[in-house]
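upload-v2.txt, holding compact mmCIF, C-alpha atoms:
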# COMPACT_ATOMS: atom_id res chain seq x y z
CA MET A 169 1.39 23.02 15.49
CA ALA A 170 4.15 22.49 12.89
CA SER A 171 6.87 23.92 15.17
CA LYS A 172 6.01 21.36 17.90
CA ILE A 173 6.42 18.27 15.73
CA PRO A 174 8.94 15.97 17.42
CA PRO A 175 12.07 14.59 15.73
CA ILE A 176 11.97 11.30 13.79
CA GLY A 177 13.01 9.13 16.75
CA GLU A 178 10.19 10.47 18.88
CA LEU A 179 7.72 10.19 15.98
CA ARG A 180 8.61 6.49 15.67
CA LYS A 181 7.61 5.98 19.32
CA ILE A 182 4.32 7.82 18.81
CA CYS A 183 3.31 6.57 15.36
CA GLN A 184 4.88 3.13 15.03
CA THR A 185 3.41 1.38 18.02
CA PRO A 186 3.89 -2.38 18.51
CA GLU A 187 0.19 -2.87 17.69
CA SER A 188 0.66 -1.17 14.33
CA ALA A 189 3.48 -3.59 13.46
CA LEU A 190 1.48 -6.77 14.12
CA HIS A 191 0.78 -7.37 10.44
CA ASP A 192 4.12 -6.14 9.17
CA SER A 193 6.44 -8.63 7.52
CA TRP A 194 10.18 -8.38 7.96
CA TYR A 195 10.25 -6.15 4.88
CA GLY A 196 7.46 -4.01 6.26
CA SER A 197 9.06 -3.46 9.64
CA HIS A 198 12.70 -3.15 8.51
CA VAL A 199 12.32 -1.29 5.21
CA ILE A 200 8.87 0.25 4.73
CA ARG A 201 8.52 1.55 8.30
CA LYS A 202 12.03 3.04 8.14
CA VAL A 203 10.97 5.14 5.14
CA SER A 204 7.33 5.82 5.98
CA ILE A 205 8.08 7.88 9.06
CA TYR A 206 9.72 10.55 6.89
CA LEU A 207 6.61 10.86 4.73
CA THR A 208 4.54 10.89 7.90
CA LYS A 209 6.53 13.85 9.19
CA LEU A 210 6.01 15.62 5.85
CA PHE A 211 2.24 15.02 5.92
CA ILE A 212 1.97 16.17 9.53
CA TYR A 213 3.12 19.62 8.39
CA THR A 214 0.16 19.77 5.98
CA PRO A 215 -3.61 19.75 6.50
CA ILE A 216 -3.78 16.41 4.64
CA SER A 217 -5.74 13.81 6.61
CA ALA A 218 -4.91 10.14 7.02
CA ASN A 219 -7.87 9.24 4.78
CA GLN A 220 -6.47 11.49 2.05
CA VAL A 221 -3.14 9.66 2.35
CA THR A 222 -5.09 6.41 1.92
CA LEU A 223 -6.72 7.77 -1.24
CA LEU A 224 -3.27 8.80 -2.50
CA MET A 225 -2.15 5.22 -1.85
CA LEU A 226 -5.09 4.02 -3.96
CA LEU A 227 -4.15 6.37 -6.80
CA VAL A 228 -0.49 5.29 -6.73
CA GLY A 229 -1.56 1.62 -6.67
CA VAL A 230 -3.84 2.04 -9.68
CA ILE A 231 -1.09 3.83 -11.59
CA ALA A 232 1.35 1.03 -10.63
CA GLY A 233 -1.08 -1.63 -11.86
CA THR A 234 -1.65 0.28 -15.08
CA SER A 235 2.11 0.53 -15.59
CA PHE A 236 2.35 -3.26 -15.33
CA ILE A 237 -0.49 -3.65 -17.85
CA LEU A 238 1.53 -1.78 -20.48
CA GLY A 239 4.00 -4.68 -20.42
CA LYS A 240 7.12 -2.81 -21.51
CA HIS A 241 10.36 -3.13 -19.57
CA TRP A 242 10.54 0.47 -18.35
CA TYR A 243 6.86 0.60 -17.48
CA SER A 244 7.32 -2.52 -15.36
CA ILE A 245 10.21 -0.87 -13.52
CA ILE A 246 8.09 2.24 -12.96
CA GLY A 247 5.23 0.00 -11.77
CA ALA A 248 7.55 -1.75 -9.30
CA MET A 249 8.81 1.58 -7.95
CA LEU A 250 5.25 2.88 -7.61
CA LEU A 251 4.31 -0.35 -5.85
CA GLN A 252 6.99 0.37 -3.25
CA LEU A 253 5.66 3.91 -2.85
CA MET A 254 2.19 2.44 -2.38
CA TYR A 255 3.51 0.24 0.45
CA VAL A 256 5.12 3.27 2.09
CA LEU A 257 1.91 5.31 1.79
CA ASP A 258 -0.03 2.38 3.23
CA ALA A 259 2.09 2.57 6.38
CA THR A 260 2.03 6.37 6.38
CA ASP A 261 -1.75 6.73 6.56
CA GLY A 262 -1.95 4.90 9.88
CA GLU A 263 1.01 6.80 11.27
CA VAL A 264 -0.59 10.13 10.38
CA ALA A 265 -3.86 9.00 11.99
CA ARG A 266 -2.08 7.93 15.18
CA TYR A 267 -0.10 11.17 15.41
CA LYS A 268 -3.12 13.41 14.77
CA GLY A 269 -5.32 11.25 17.02
CA ILE A 270 -7.90 10.77 14.28
CA SER A 271 -8.02 6.98 13.97
CA SER A 272 -11.53 5.88 13.11
CA LEU A 273 -13.57 2.94 11.94
CA ARG A 274 -14.23 4.87 8.73
CA GLY A 275 -10.47 5.13 8.14
CA VAL A 276 -9.98 1.41 8.75
CA TYR A 277 -12.82 0.66 6.31
CA LEU A 278 -11.36 2.98 3.67
CA ASP A 279 -7.91 1.41 4.11
CA ARG A 280 -9.29 -2.12 3.67
CA LEU A 281 -11.40 -1.05 0.71
CA CYS A 282 -8.35 0.44 -0.99
CA HIS A 283 -6.40 -2.76 -0.32
CA ASN A 284 -9.21 -4.78 -1.87
CA ILE A 285 -8.98 -2.64 -4.99
CA THR A 286 -5.23 -2.12 -5.43
CA TYR A 287 -3.71 -5.51 -4.63
CA PRO A 288 -5.95 -7.55 -6.98
CA TYR A 289 -5.60 -4.84 -9.64
CA ILE A 290 -1.81 -5.11 -9.43
CA PHE A 291 -1.95 -8.90 -9.86
CA VAL A 292 -4.23 -8.48 -12.87
CA GLY A 293 -1.95 -5.76 -14.25
CA ILE A 294 1.10 -7.99 -13.94
CA SER A 295 -0.73 -10.84 -15.67
CA PHE A 296 -1.68 -8.55 -18.58
CA GLY A 297 1.93 -7.39 -18.84
CA VAL A 298 3.26 -10.95 -18.83
CA TYR A 299 0.70 -11.91 -21.46
CA ALA A 300 1.72 -8.94 -23.63
CA ASN A 301 5.31 -10.19 -23.60
CA PHE A 302 4.88 -13.97 -23.81
CA HIS A 303 1.38 -14.44 -25.30
CA ASP A 304 0.71 -17.27 -22.87
CA VAL A 305 -2.82 -17.54 -21.54
CA ARG A 306 -1.48 -19.10 -18.32
CA ALA A 307 -0.48 -15.59 -17.26
CA PHE A 308 -4.18 -14.72 -17.02
CA ILE A 309 -4.98 -17.90 -15.14
CA PHE A 310 -2.31 -17.22 -12.52
CA GLY A 311 -3.00 -13.48 -12.28
CA PHE A 312 -6.76 -13.77 -11.94
CA SER A 313 -6.42 -16.75 -9.59
CA ALA A 314 -4.07 -14.76 -7.35
CA SER A 315 -6.55 -11.88 -7.30
CA LEU A 316 -9.46 -14.16 -6.52
CA PHE A 317 -7.62 -16.01 -3.75
CA LEU A 318 -6.47 -12.73 -2.23
CA LEU A 319 -10.05 -11.46 -2.09
CA LEU A 320 -11.23 -14.77 -0.64
CA MET A 321 -8.55 -14.62 2.07
CA TRP A 322 -9.71 -11.13 3.04
CA LEU A 323 -13.31 -12.32 3.08
CA VAL A 324 -12.37 -15.13 5.50
CA GLU A 325 -10.40 -12.66 7.64
CA LEU A 326 -13.41 -10.33 7.70
CA GLU A 327 -15.67 -13.20 8.73
CA LYS A 328 -13.34 -14.06 11.64
CA SER A 329 -13.37 -10.50 13.02

Please express the file's structure as structure tokens.
Amino acid sequence: MASKIPPIGELRKICQTPESALHDSWYGSHVIRKVSIYLTKLFIYTPISANQVTLLMLLVGVIAGTSFILGKHWYSIIGAMLLQLMYVLDATDGEVARYKGISSLRGVYLDRLCHNITYPYIFVGISFGVYANFHDVRAFIFGFSASLFLLLMWLVELEKS
């Protein structure tokens, strides 16, 4: 199977369908998708499933959020870099599923579940880090409010579908 994997240009046509880009922002479609296809090609050579890529995204997101919690300058930079890797892995899981033909409702559920864990956790982590540096309780108010509103938006989106 590995010897038949098409080149990057062909993989883009297979894995990055217009339907998969519906929710991408400009950054997602012009930066993240440009990078994710290379990780997709790497994962296609392995027995790693799309759901395992999603779980890796979760792990990277939790480590990113924890880096922000530590509040030090270098940890925040590491957290920001890991956050970018998390975005790339988030695009990669769907691309791997489309290439391998293993898209499933279970995978969609796992992806949404991981989003509902990582994104609020990152907001909370950033608020802890800001508090550690400035000792201003407003950091918690904004961070926890952002997390709550994000979860409420996803709940409304779920109700619509």

Check the smallest atom-to-atom distance from each of A:Val221, A:Leu318, A:Ile216, A:Ser193 to Thr286 in chain A using all atoms listed in the file, then report the winner.
->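 Smallest distance to Thr286 in chain A is found for A:Leu318.
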
Determine, using all atoms listed in the file, which residues of range 211-243 of chain A have any atom at most 10 Å from an atom of range 301-313 of chain A, and tabulate each with its shortest atom pair and distance in Å to one decimal place, rows ordered by chain and then rising number, as a tab-separated table.
residue	atom	partner	partner_atom	distance
A:Leu238	CA	A:Asn301	CA	9.7
A:Gly239	CA	A:Asn301	CA	6.5
A:Lys240	CA	A:Asn301	CA	7.9
A:His241	CA	A:Asn301	CA	9.6

Which residues, protein or nucleic acid, reach to within 10 Å of (-6.6, -3.4, -1.9) in the file's coordinates when using only C-alpha atoms, and can you give that as JSON, numbers by chain?
-> {"A": [225, 226, 229, 230, 278, 279, 280, 281, 282, 283, 284, 285, 286, 287, 288, 289, 290, 318, 319, 322]}

What lies within 9 Å of Ile246 in chain A using all atoms listed in the file, ignoring chain neighbours under 5 positions off, as a PyMOL selection string?
-> chain A and resi 232+235-236+241+251

Atom-to-atom span, CA of Thr208 in chain A and CA of Glu263 in chain A, Å = 6.4 Å

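Taking CA of His198 in chain A as the reference point, CA of Leu273 in chain A is found at 27.2 Å.
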
Can you tell me, as a list in words, which residues sit within 10 Å of (-2.7, 3.8, 8.8) in the file's frame, using all atoms listed in the file?
->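 Residues satisfying the cut-off, written out: Cys183, Gln184, Ser188, Ala218, Asn219, Val221, Thr222, Leu257, Asp258, Ala259, Thr260, Asp261, Gly262, Glu263, Val264, Ala265, Arg266, Ser271, Gly275, Val276 and Asp279 of chain A.
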
Using all atoms listed in the file, which of the listed residues (A:Gly233, A:Leu316, A:Val256, A:Ile245) sits closest to Gly196 in chain A?
->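 Under the stated criterion, the closest residue is A:Val256.
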
Using only C-alpha atoms, pick whichever of A:Ser197, A:Pro175, A:Tyr243, A:Lys268 has the shortest atom-to-atom distance to Pro215 in chain A.
->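 Under the stated criterion, the closest residue is A:Lys268.
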
Mind pulling up the distance from CA of Leu207 in chain A to CA of Met254 in chain A?
->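 Rounded to one decimal, the two atoms are 11.9 Å apart.
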
For Val298 in chain A, the nearest of the candidates A:Tyr255, A:Ile205, A:Ser244, A:Leu326, counting all atoms listed in the file =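 Of the candidates, the smallest distance to Val298 in chain A is held by A:Ser244.
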
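Closest approach to Leu224 in chain A among A:Ile270, A:Leu253, A:Trp242, A:Lys209: A:Leu253, based on only C-alpha atoms.
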